[in-house]
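**Q** For reference, the structure I am asking about is given below.
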Protein chains: 2
Amino acid sequence: MRPQPLSFTNWGPPGRAFDASDKPAFWTFAQRILGISQDSVIPPADPSTLRIPPTAAGDALLGELRGLLGEDNVATDGPTRLLHSYGKSYRDLLRARRGELRRVPDVVAFPGSHKEVETLVAIASARGAAIIPFGGGTNIVGGIEPSPGAPGVVLTVNLRRLNRLIELDEVSQVARIEAGALGPELEEALNRRGFTLGHFPDSFEYSTLGGWLATRSAGMQSDARGKIEDMVVSVKLVTPAGTLVTHPVPRAATGPDLNQIVVGSEGTLGLITEATMRVAPLGHRVYRGIMFSDFRSGVEFIQHCWKAGIPPATLRLSNPEETELGLTLKPRSGFWRHLLSQAVKAYLCRVRGFRLEETCLLIVGWEGHRAEVVRQERQVLRLARAHRGFDLGRTAGDTWYARKYEYPLLRDLMMERGVMVDVTEATVLWRDVLSTYGKVHAGLRKAVARYGHPGYVGCHLSHVYANGVCLYFTFGAPQEPGNEVAQYLRIKKLAVDLFVESGAALSHHHSIGYEHLPWVEGYLGPIGLRALRGLKASLDPSNLCNPGKLLPSPESGLDHYWPGWKPRDPGRDEP
Amino acid sequence: MRPQPLSFTNWGPPGRAFDASDKPAFWTFAQRILGISQDSVIPPADPSTLRIPPTAAGDALLGELRGLLGEDNVATDGPTRLLHSYGKSYRDLLRARRGELRRVPDVVAFPGSHKEVETLVAIASARGAAIIPFGGGTNIVGGIEPSPGAPGVVLTVNLRRLNRLIELDEVSQVARIEAGALGPELEEALNRRGFTLGHFPDSFEYSTLGGWLATRSAGMQSDARGKIEDMVVSVKLVTPAGTLVTHPVPRAATGPDLNQIVVGSEGTLGLITEATMRVAPLGHRVYRGIMFSDFRSGVEFIQHCWKAGIPPATLRLSNPEETELGLTLKPRSGFWRHLLSQAVKAYLCRVRGFRLEETCLLIVGWEGHRAEVVRQERQVLRLARAHRGFDLGRTAGDTWYARKYEYPLLRDLMMERGVMVDVTEATVLWRDVLSTYGKVHAGLRKAVARYGHPGYVGCHLSHVYANGVCLYFTFGAPQEPGNEVAQYLRIKKLAVDLFVESGAALSHHHSIGYEHLPWVEGYLGPIGLRALRGLKASLDPSNLCNPGKLLPSPESGLDHYWPGWKPRDPGRDEP
């Protein structure tokens, strides 16, 4: 059976939604900052009524693909092609909800093995078809959308049938896994043998190993395990020039690191079919919530954890807005037992001198050997007390852990009610954390407040490293009717501009795709770009692999994605 | 003043030598296994008598270089060019001792700033001169030797004047350091501020940051800190196409990792002028020696340390031969107090059942917060006892630590007495450690025993990672008079062949240069090679940067370096 992508207009699969019916505090909050109410729902266009252009794939190509994969694994029907048209960015869902189609892939292929992918790429190369790899379809930077500017036929390759754990080497603690395995598929296979990859991005339920590798994904335990690029031991990449296979060795001094060329290539060099990944024995897991009096105190506490040599596996510090949002998501039934009961609030304010509108929630988690976890937990709590942190205990941590994959569904809820909501993230060195936070937060605050309500600018330190952190912003405002895309682009551009001016990375884990493309040349510089173009030309000389993504080119259709984009002049442009 | 490279015929600087005059046990051992005695010294050719070919650099090039750098920083004199001709491999020292010159650089430049390097590369590019970066000159794979096959003028660029700590960001724990800084220079500058890079390769005293980056170097604390590629945050690389500058950010998702393209490029893409590196506060340091009954027990203990989540910063397990050699290097004065006193020996043999000819020494070290170090030390010692390890205490560790940079000097001592001695190293996954050790050890054992004496095959696990280790072999045998290079090549080739057949990396930290070049195509595969060639063509289209190294090309002069090299047929070739 063919794997099914997520629903066309929403994050989750059909039928899954965020249940806010029992969360009155949330609706009060949403009404106040965004002016929306629970029942003002604007239904999306019905996908089945959309006019999908006929496939441009010729009989010759289709015949060869069917000969290779079988009839069932080569789709040219409208619904299947539709479901492979967009990723899951705000812009994607906006267009999907409004029934706006741009370019739809001409054919979707579902290969079942590395060998089939090799032949498929050879067929596509010979026929000059563009090849777009597709895993779970959760990309939020336009990475899987056919380029408006690329000529010819577009072949999207859904890799989800390649989902096996090929081999687990328990002694070396490495696992060979096919690239199309979804997070839960590969974790289940590893867990059965007592191991875990331990990579849990927000999209975990619906995204694949290959997608993680192609975009340099980060999971929630990145403080301990690093990003996906820190876990990769070897890869197989099928390129138009042939297949690249790297060696599964712990480290090497054999020239530039080919693994690190494949990771982050966003489908522009070829299709990743499998990878050997570092895995770890399943460990004991503990999460807690700790309140800090303000964002700065939380940041200083986290820095101190790292300096003291006791970094937990997860550190996720929310700013006051995000903390407040989180508290409103408590269901009504938990009213008497909710985390910050009136008594606790009173204690924090009167005894500890917290100001509730500045209070920040930190989620902290440990994983590993039980004795080690308990010891580190104790050390960290001692340190938290020294930083005036207020321990909410394991229940707060467990609640967050149990719900952690639900937050993306909140966006659907908002969009159904005419709210623009998106995220933007980047890393900065420790030295620049508070200044960058302040700059981006202030800029976004001003920008979202222009639509008749205060708007929302949540932020959390999502990933922490010895040398710096990822700042992850969520911004929301009422949509500007008739001008929704332009509104989004204005605010997204502001956020990225402010990040880049602060010396931040263009992205920490969402990657480039189309969404960050206008900044790439400035960020990588002419020589960095030249190097990547040299690589691309050597492996994909006809530019068939995900054309137009990552590296600006005529196929990118930048005018289409960023009409009128021009570099910001910090001296003259607002804010 | 111009920086001085090491002496032409030896490892250390002029005058430094290994003092074995007070180590009678060593000479007894050397006599037995290699047939040499303390006073049978063959003096090297006098470098001052060598006929150095005149420079091929024309007046135009020299004029421009002198205009840029000043007279003093552009050398065409024989002695300076001679000292930049070879690295420090066995083959290099053999040729140097015999006064055999191949190609000598035509001019040696000593730029003093990044800006000067940029202009210098532009001048060399315009004039079509080959450019070889030179740091400390300790490379042992031929990486800094002018290619026999490259046409035109060879300009060697000694980067040692670029040796400043430009900036230390104590909050983010990163330091911007110029690439020509020697290990002691950069550590001293960082130590003064309470920080350390913590990268201590065997060559530490004489090698530079740029050299470490260019070759993917590994230090002795790699178990805790990783290799140099794990410590790099950003780089500046001057290429003929322009300068690549990457961003100092903790992590990024902005395409293939440009840092990891620069690291390991071995001078073939350009000259590294500076890097931002992760640094750490200076910590408490403890080293111990532990004896294990055999190599397998030691390996199992190390695996257990990692599995238990308590990997020390350094783990260095010697095989029995290397353990025996180490014990012979005790000076006479320490006879009554030496590590394995007769009483200890008797205890180990009679009570613990050790067989001395199988006993293996493990050096284990911790660095960091004092309380953590002490706690981990205690845990590891408990684990060692469970693996029947016999703790020699901190004195054994301190002795090793104090002498760790002296071992390369032993090679000079051997070569002066007509002994072939070289090293070869590679990484394997944990699963393959004992089988690969067994295979390579047996092959080398047989190979070195063909010259009238048993010969020497020492080995240690030099670097340990979660997924595997580096096996570092040292092999020695009496030289085959008149056939020294061929003898060396035969044995070196055997070792690399056996490593590669075992699935090992071609090198863990010595890199490719010329010495591993014949295997590169097979190891990287045609597509890997194609990718690296694409990169090279994009940044160095005229192949001026260290031509012939890393990537096989007509300039490599492989016939010169590996006359008659052909792939091994494991079914037919010995051993």
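By convention in this document, the chains of the structure tokens carry letters A, B, ... by their order, each chain's residues are numbered from 1, and ligands are numbered from 1 in the order they are shown.
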If you run DSSP on the backbone here, which positions in stretch 198-381 of chain A get strand (DSSP E)? Please write them as a PyMOL selection string.
**A** chain A and resi 232-239+242-245+271-278+280-281+284-292+314-318+360-368
**Q** List as an MDAnalysis selection string the protein and nucleic acid residues near stretch 423-427 of chain A, meaning an atom at most 7 Å away when only C-alpha atoms are counted, but skip any in the same chain fewer than 2 places from it.
**A** (chainID A and resid 429 468:475 504:508) or (chainID B and resid 249:252)
**Q** Pick from A:Leu551, A:Ala537, A:Ala308, A:Ile302: nearest to A:Ile512, with only C-alpha atoms counted?
**A** A:Leu551
**Q** A:Val263, A:Leu329, A:Val440, A:Val496: which is nearest chain B, counting only C-alpha atoms?
**A** A:Val263
**Q** Rounded to one decimal in Å, what is the spacing between atom CA of A:Asp294 and atom CA of A:Lys493?
**A**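 It comes out at 27.8 Å.
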**Q** Would you work out the distance separating atom CA of B:Ser85 from atom CA of B:Leu409, expressed in Å to one decimal?
**A**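 For atom CA of B:Ser85 relative to atom CA of B:Leu409, the distance reads 20.1 Å.
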**Q** What lies within 12 Å of A:Lys446 using only C-alpha atoms, ignoring chain neighbours under 4 positions off, as a ChimeraX atom specification?
**A** /A:439-442,450-457,475-477,491,494-495,574-575
**Q** May I have the selected residues written with all heavy atoms, as a compact mmCIF listing (two decimals), in the first residue's frame?
**A**
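Below is the file that was written, out05.txt:
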```
# COMPACT_ATOMS: atom_id res chain seq x y z
N LYS A 439 16.39 42.09 20.33
CA LYS A 439 16.25 42.77 19.04
C LYS A 439 15.13 42.14 18.20
O LYS A 439 14.26 42.82 17.68
CB LYS A 439 17.60 42.66 18.32
CG LYS A 439 17.78 43.57 17.15
CD LYS A 439 19.24 43.53 16.71
CE LYS A 439 19.44 44.36 15.46
NZ LYS A 439 20.86 44.40 15.05
N VAL A 440 15.18 40.81 18.09
CA VAL A 440 14.19 40.12 17.26
C VAL A 440 12.82 40.19 17.92
O VAL A 440 11.80 40.43 17.25
CB VAL A 440 14.61 38.65 17.00
CG1 VAL A 440 13.56 37.94 16.14
CG2 VAL A 440 15.97 38.60 16.31
N HIS A 441 12.80 40.04 19.23
CA HIS A 441 11.52 40.09 19.94
C HIS A 441 10.87 41.46 19.78
O HIS A 441 9.68 41.56 19.46
CB HIS A 441 11.73 39.76 21.43
CG HIS A 441 10.47 39.71 22.22
ND1 HIS A 441 10.06 40.75 23.03
CD2 HIS A 441 9.49 38.77 22.30
CE1 HIS A 441 8.89 40.45 23.58
NE2 HIS A 441 8.53 39.24 23.16
N ALA A 442 11.66 42.52 19.97
CA ALA A 442 11.10 43.87 19.87
C ALA A 442 10.59 44.13 18.45
O ALA A 442 9.51 44.70 18.26
CB ALA A 442 12.16 44.90 20.27
N ARG A 450 0.34 45.50 14.54
CA ARG A 450 -0.22 46.45 13.57
C ARG A 450 -1.60 46.05 13.06
O ARG A 450 -2.12 46.68 12.16
CB ARG A 450 0.71 46.57 12.37
CG ARG A 450 1.95 47.35 12.68
CD ARG A 450 2.71 47.73 11.42
NE ARG A 450 4.00 48.28 11.81
CZ ARG A 450 5.18 47.82 11.40
NH1 ARG A 450 5.24 46.81 10.58
NH2 ARG A 450 6.29 48.39 11.84
N TYR A 451 -2.15 44.96 13.59
CA TYR A 451 -3.37 44.44 12.98
C TYR A 451 -4.55 44.47 13.95
O TYR A 451 -5.39 43.57 13.95
CB TYR A 451 -3.12 43.04 12.42
CG TYR A 451 -1.94 43.06 11.48
CD1 TYR A 451 -0.66 42.72 11.92
CD2 TYR A 451 -2.09 43.50 10.16
CE1 TYR A 451 0.43 42.80 11.07
CE2 TYR A 451 -1.01 43.58 9.30
CZ TYR A 451 0.25 43.23 9.76
OH TYR A 451 1.31 43.32 8.92
N GLY A 452 -4.57 45.50 14.80
CA GLY A 452 -5.75 45.72 15.62
C GLY A 452 -5.76 44.99 16.96
O GLY A 452 -6.65 45.20 17.77
N HIS A 453 -4.78 44.11 17.17
CA HIS A 453 -4.68 43.39 18.44
C HIS A 453 -3.20 43.30 18.81
O HIS A 453 -2.34 43.50 17.95
CB HIS A 453 -5.30 42.00 18.32
CG HIS A 453 -6.79 42.05 18.23
ND1 HIS A 453 -7.45 42.19 17.02
CD2 HIS A 453 -7.75 42.02 19.18
CE1 HIS A 453 -8.76 42.24 17.24
NE2 HIS A 453 -8.97 42.13 18.54
N PRO A 454 -2.92 42.98 20.06
CA PRO A 454 -1.50 42.96 20.47
C PRO A 454 -0.67 41.94 19.69
O PRO A 454 0.53 42.13 19.49
CB PRO A 454 -1.56 42.59 21.96
CG PRO A 454 -2.96 42.90 22.39
CD PRO A 454 -3.83 42.73 21.19
N GLY A 455 -1.28 40.83 19.26
CA GLY A 455 -0.52 39.79 18.58
C GLY A 455 0.30 38.96 19.56
O GLY A 455 0.24 39.16 20.79
N TYR A 456 1.07 38.04 19.00
CA TYR A 456 1.79 37.08 19.84
C TYR A 456 3.23 36.92 19.34
O TYR A 456 3.46 36.75 18.14
CB TYR A 456 1.07 35.72 19.77
CG TYR A 456 1.80 34.62 20.51
CD1 TYR A 456 1.74 34.54 21.90
CD2 TYR A 456 2.54 33.66 19.81
CE1 TYR A 456 2.42 33.54 22.58
CE2 TYR A 456 3.22 32.65 20.49
CZ TYR A 456 3.15 32.60 21.88
OH TYR A 456 3.82 31.61 22.54
N VAL A 457 4.19 37.01 20.27
CA VAL A 457 5.58 36.71 19.94
C VAL A 457 6.16 35.82 21.03
O VAL A 457 6.73 36.29 22.02
CB VAL A 457 6.43 37.98 19.78
CG1 VAL A 457 7.85 37.59 19.32
CG2 VAL A 457 5.82 38.93 18.77
N PHE A 475 5.43 33.66 15.88
CA PHE A 475 4.75 34.97 15.85
C PHE A 475 3.36 34.80 15.26
O PHE A 475 3.13 34.00 14.37
CB PHE A 475 5.56 36.01 15.08
CG PHE A 475 6.00 35.58 13.70
CD1 PHE A 475 5.21 35.83 12.59
CD2 PHE A 475 7.21 34.92 13.51
CE1 PHE A 475 5.62 35.46 11.31
CE2 PHE A 475 7.63 34.54 12.25
CZ PHE A 475 6.83 34.80 11.14
N GLY A 476 2.42 35.56 15.82
CA GLY A 476 1.03 35.46 15.38
C GLY A 476 0.35 36.81 15.37
O GLY A 476 0.64 37.67 16.21
N ALA A 477 -0.54 36.99 14.41
CA ALA A 477 -1.33 38.22 14.31
C ALA A 477 -2.58 37.92 13.49
O ALA A 477 -2.59 36.95 12.73
CB ALA A 477 -0.52 39.34 13.65
N ILE A 491 6.75 40.11 7.68
CA ILE A 491 7.15 39.82 9.06
C ILE A 491 8.25 38.75 9.11
O ILE A 491 9.22 38.86 9.86
CB ILE A 491 5.91 39.41 9.89
CG1 ILE A 491 4.92 40.59 9.88
CG2 ILE A 491 6.31 39.05 11.32
CD1 ILE A 491 3.65 40.34 10.62
N LEU A 494 11.47 40.43 8.19
CA LEU A 494 11.98 41.23 9.30
C LEU A 494 12.73 40.34 10.29
O LEU A 494 13.85 40.67 10.73
CB LEU A 494 10.82 41.94 10.00
CG LEU A 494 11.20 42.70 11.26
CD1 LEU A 494 12.03 43.93 10.91
CD2 LEU A 494 9.96 43.09 12.05
N ALA A 495 12.11 39.22 10.64
CA ALA A 495 12.74 38.33 11.63
C ALA A 495 14.09 37.83 11.12
O ALA A 495 15.09 37.86 11.85
CB ALA A 495 11.80 37.16 11.93
N GLU A 574 12.50 50.11 8.88
CA GLU A 574 12.05 49.84 10.25
C GLU A 574 12.34 48.36 10.56
O GLU A 574 12.57 47.58 9.65
CB GLU A 574 10.55 50.16 10.43
CG GLU A 574 9.73 50.15 9.19
CD GLU A 574 8.24 50.18 9.50
OE1 GLU A 574 7.83 50.56 10.60
OE2 GLU A 574 7.49 49.77 8.61
N PRO A 575 12.25 47.93 11.81
CA PRO A 575 11.89 48.77 12.94
C PRO A 575 13.12 49.55 13.42
O PRO A 575 14.20 49.06 13.33
CB PRO A 575 11.47 47.78 14.00
CG PRO A 575 12.33 46.58 13.73
CD PRO A 575 12.56 46.55 12.26
```
